[in-house]
$ cat protein03.csv   # CSV, C-alpha atoms
chain,number,residue,atom,x,y,z
W,1,MET,CA,13.5,-7.8,24.5
W,2,LYS,CA,11.8,-9.6,27.4
W,3,ASN,CA,10.3,-6.4,28.6
W,4,TRP,CA,8.8,-5.7,25.2
W,5,LYS,CA,6.8,-8.9,24.8
W,6,GLY,CA,3.0,-8.4,24.9
W,7,ARG,CA,3.2,-4.7,24.1
W,8,ARG,CA,1.5,-3.3,21.1
W,9,SER,CA,4.7,-1.9,19.6
W,10,TYR,CA,6.5,-5.3,19.9
W,11,ASP,CA,3.6,-7.0,18.2
W,12,ARG,CA,3.7,-4.5,15.3
W,13,ILE,CA,7.4,-5.1,14.9
W,14,LEU,CA,6.9,-8.8,14.7
W,15,ILE,CA,4.1,-8.6,12.1
W,16,LEU,CA,5.9,-6.1,9.9
W,17,GLN,CA,9.1,-8.2,10.1
W,18,SER,CA,7.2,-11.0,8.5
W,19,LEU,CA,7.3,-8.9,5.3
W,20,ARG,CA,10.2,-10.1,3.2
W,21,GLY,CA,13.2,-7.7,3.3
W,22,ALA,CA,12.0,-5.9,6.4
W,23,GLY,CA,14.5,-6.5,9.3
W,24,PHE,CA,14.2,-5.4,12.9
W,25,LEU,CA,16.0,-2.0,12.4
W,26,SER,CA,14.1,-1.2,9.2
W,27,VAL,CA,10.7,-1.9,10.9
W,28,VAL,CA,11.7,0.1,14.0
W,29,VAL,CA,12.7,3.1,11.9
W,30,LEU,CA,9.4,2.9,9.8
W,31,ILE,CA,7.3,2.8,13.0
W,32,ALA,CA,9.3,5.7,14.5
W,33,GLU,CA,8.9,7.8,11.3
W,34,MET,CA,5.2,7.0,11.2
W,35,GLY,CA,4.5,7.9,14.8
W,36,SER,CA,1.2,6.4,15.6
W,37,PHE,CA,-0.7,4.1,13.2
W,38,ASP,CA,-3.9,5.9,14.3
W,39,LEU,CA,-2.8,9.0,12.4
W,40,PHE,CA,-3.5,7.3,9.1
W,41,PRO,CA,-7.2,6.5,8.5
W,42,SER,CA,-6.4,5.5,4.9
W,43,PRO,CA,-3.3,4.3,2.9
W,44,LYS,CA,-3.3,7.6,1.0
W,45,ASN,CA,-2.4,9.4,4.2
W,46,LEU,CA,0.5,7.0,4.7
W,47,TYR,CA,1.6,7.7,1.1
W,48,ALA,CA,1.7,11.4,1.9
W,49,CYS,CA,3.7,10.8,5.1
W,50,PHE,CA,6.3,8.8,3.2
W,51,GLY,CA,6.3,11.3,0.2
W,52,LEU,CA,4.9,8.7,-2.2
W,53,ASP,CA,1.9,10.7,-3.3
W,54,PRO,CA,1.7,12.2,-6.8
W,55,ALA,CA,2.6,15.8,-7.4
W,56,VAL,CA,1.8,17.8,-10.5
W,57,LYS,CA,3.8,20.9,-11.5
W,58,GLN,CA,1.6,24.0,-11.9
W,59,SER,CA,2.3,27.6,-12.4
W,60,GLY,CA,-0.3,30.2,-13.3
W,61,ARG,CA,-2.3,28.8,-16.2
W,62,PHE,CA,0.3,26.1,-16.9
W,63,ASN,CA,-0.6,22.6,-15.8
W,64,GLY,CA,2.2,20.1,-16.2
W,65,ASP,CA,1.3,16.8,-17.8
W,66,LYS,CA,4.0,14.7,-16.0
W,67,VAL,CA,3.2,13.3,-12.5
W,68,HIS,CA,6.1,12.6,-10.1
W,69,MET,CA,6.5,11.4,-6.6
W,70,SER,CA,6.2,14.4,-4.3
W,71,LYS,CA,9.0,13.4,-2.0
W,72,ARG,CA,7.7,15.7,0.7
W,73,GLY,CA,7.7,13.1,3.5
W,74,SER,CA,10.4,11.2,5.3
W,75,SER,CA,13.3,10.4,2.9
W,76,LEU,CA,14.6,7.7,5.4
W,77,ALA,CA,11.2,5.9,5.4
W,78,ARG,CA,11.0,6.2,1.6
W,79,ARG,CA,14.5,4.6,1.3
W,80,ILE,CA,13.5,1.7,3.6
W,81,LEU,CA,10.3,1.1,1.6
W,82,HIS,CA,12.4,1.1,-1.6
W,83,MET,CA,14.7,-1.5,-0.1
W,84,VAL,CA,11.8,-3.6,1.1
W,85,ALA,CA,10.2,-3.4,-2.4
W,86,LEU,CA,13.4,-4.5,-4.1
W,87,ASN,CA,13.8,-7.4,-1.7
W,88,ASN,CA,10.3,-8.5,-2.5
W,89,LEU,CA,11.0,-8.4,-6.2
W,90,ASN,CA,14.0,-10.8,-5.9
W,91,VAL,CA,14.1,-14.2,-7.6
W,92,ASP,CA,15.5,-17.1,-5.7
W,93,LYS,CA,18.7,-18.2,-7.5
W,94,GLY,CA,18.3,-21.9,-6.7
W,95,THR,CA,14.7,-22.5,-7.6
W,96,LYS,CA,14.4,-19.6,-10.0
W,97,THR,CA,11.0,-18.6,-8.4
W,98,PRO,CA,10.1,-15.2,-7.1
W,99,VAL,CA,10.6,-14.6,-3.4
W,100,ASN,CA,7.2,-13.0,-3.1
W,101,PRO,CA,5.1,-14.2,-6.1
W,102,VAL,CA,2.2,-11.8,-5.5
W,103,ILE,CA,4.3,-8.7,-5.5
W,104,HIS,CA,6.5,-10.0,-8.3
W,105,SER,CA,3.4,-10.6,-10.6
W,106,TYR,CA,2.1,-7.2,-9.7
W,107,TYR,CA,5.4,-5.7,-10.7
W,108,ALA,CA,5.5,-7.7,-13.9
W,109,ASP,CA,2.1,-6.4,-14.8
W,110,LYS,CA,3.1,-2.8,-14.2
W,111,CYS,CA,6.3,-3.2,-16.2
W,112,LYS,CA,4.3,-4.1,-19.3
W,113,ASN,CA,3.3,-0.4,-19.8
W,114,LYS,CA,5.4,1.6,-17.4
W,115,LYS,CA,9.1,2.2,-16.7
W,116,LYS,CA,10.8,0.0,-14.2
W,117,ASN,CA,11.3,2.7,-11.6
W,118,VAL,CA,7.6,3.7,-11.9
W,119,ALA,CA,6.7,0.1,-11.3
W,120,VAL,CA,8.9,-0.1,-8.2
W,121,GLY,CA,7.0,3.0,-6.9
W,122,ALA,CA,3.8,1.1,-7.5
W,123,VAL,CA,5.2,-1.8,-5.5
W,124,MET,CA,6.1,0.7,-2.7
W,125,HIS,CA,2.4,1.8,-2.7
W,126,LYS,CA,1.4,-1.9,-2.5
W,127,ILE,CA,3.6,-2.4,0.5
W,128,CYS,CA,2.0,0.6,2.2
W,129,ASN,CA,-1.3,-1.1,1.5
W,130,ILE,CA,0.0,-4.1,3.4
W,131,ILE,CA,1.5,-2.1,6.3
W,132,LEU,CA,-1.6,-0.2,7.3
W,133,PRO,CA,-4.0,-3.1,7.6
W,134,CYS,CA,-1.4,-4.8,9.8
W,135,SER,CA,-1.9,-2.1,12.4
W,136,GLY,CA,-5.7,-2.8,12.3
W,137,ILE,CA,-5.1,-6.5,12.8
W,138,ILE,CA,-2.8,-5.8,15.8
W,139,ASN,CA,-5.3,-3.4,17.4
W,140,HIS,CA,-8.1,-6.0,16.9
W,141,LEU,CA,-6.0,-8.8,18.5
W,142,ILE,CA,-4.9,-6.7,21.4
W,143,ASN,CA,-8.4,-5.4,22.2
W,144,HIS,CA,-9.9,-8.9,21.8
W,145,ASN,CA,-7.3,-10.5,24.1
W,146,SER,CA,-7.6,-7.8,26.8
W,147,CYS,CA,-11.3,-8.6,27.5
$ encode --input "protein03.csv" --output "structure tokens"
Amino acid sequence: MKNWKGRRSYDRILILQSLRGAGFLSVVVLIAEMGSFDLFPSPKNLYACFGLDPAVKQSGRFNGDKVHMSKRGSSLARRILHMVALNNLNVDKGTKTPVNPVIHSYYADKCKNKKKNVAVGAVMHKICNIILPCSGIINHLINHNSC
């Protein structure tokens, strides 16, 4: 690990590990599945990479009315995001407070009018919205410190 300190990938690992439920191995696999953060100009591109984007079934003149997760992307990355989402939704047993109050309140709002699995998918989207700006922060810090 001493050889990694100060490198861009090491900084990305540290920042993404600060997200609750994202351990070292999970973060390394997510970064490996993503490739370069520069490939994703918007979170929607990241959703597509992980297979979280919506897909509508169509055939001829038939347009389906149900929208599902496309699942075209990396199943391993999707599994890790699901695990991170569930860990962020946990409630601390001792204090009975949510581990991540922001994500938990977002999940509770979604559960009012959607099924629980759909709400977890929305939390996975929210986590992607957190991951992508982290790469911009890291790039800014590295470019600013190298001057």
$ closest_residue --input "protein03.csv" --among "W:Ser36, W:Asn90, W:Asn63, W:Ser74" --to "W:Phe50" --atoms "all atoms listed in the file"
W:Ser74
$ atom_distance --input "protein03.csv" --atom1 "atom CA of W:Glu33" --atom2 "atom CA of W:Asn117"
23.6 Å
$ atom_distance --input "protein03.csv" --atom1 "atom CA of W:Arg12" --atom2 "atom CA of W:Ser26"
12.5 Å
$ residues_around --input "protein03.csv" --residues "W:Ala108" --least-positions-apart "2" --cutoff "12 Å" --atoms "all atoms listed in the file" --output "list of chain:residue names"
W:Leu89, W:Pro98, W:Pro101, W:Val102, W:Ile103, W:His104, W:Ser105, W:Tyr106, W:Lys110, W:Cys111, W:Lys112, W:Asn113, W:Lys114, W:Lys115, W:Lys116, W:Val118, W:Ala119, W:Val120, W:Ala122, W:Val123
$ atom_distance --input "protein03.csv" --atom1 "atom CA of W:Val27" --atom2 "atom CA of W:Pro133"
15.1 Å
$ closest_residue --input "protein03.csv" --among "W:Ile131, W:Ala55, W:Val99, W:Ile13" --to "W:Asn87" --atoms "all atoms listed in the file"
W:Val99
$ closest_residue --input "protein03.csv" --among "W:Thr95, W:Ser9, W:Asn45, W:Asn88" --to "W:Ala22" --atoms "all atoms listed in the file"
W:Asn88
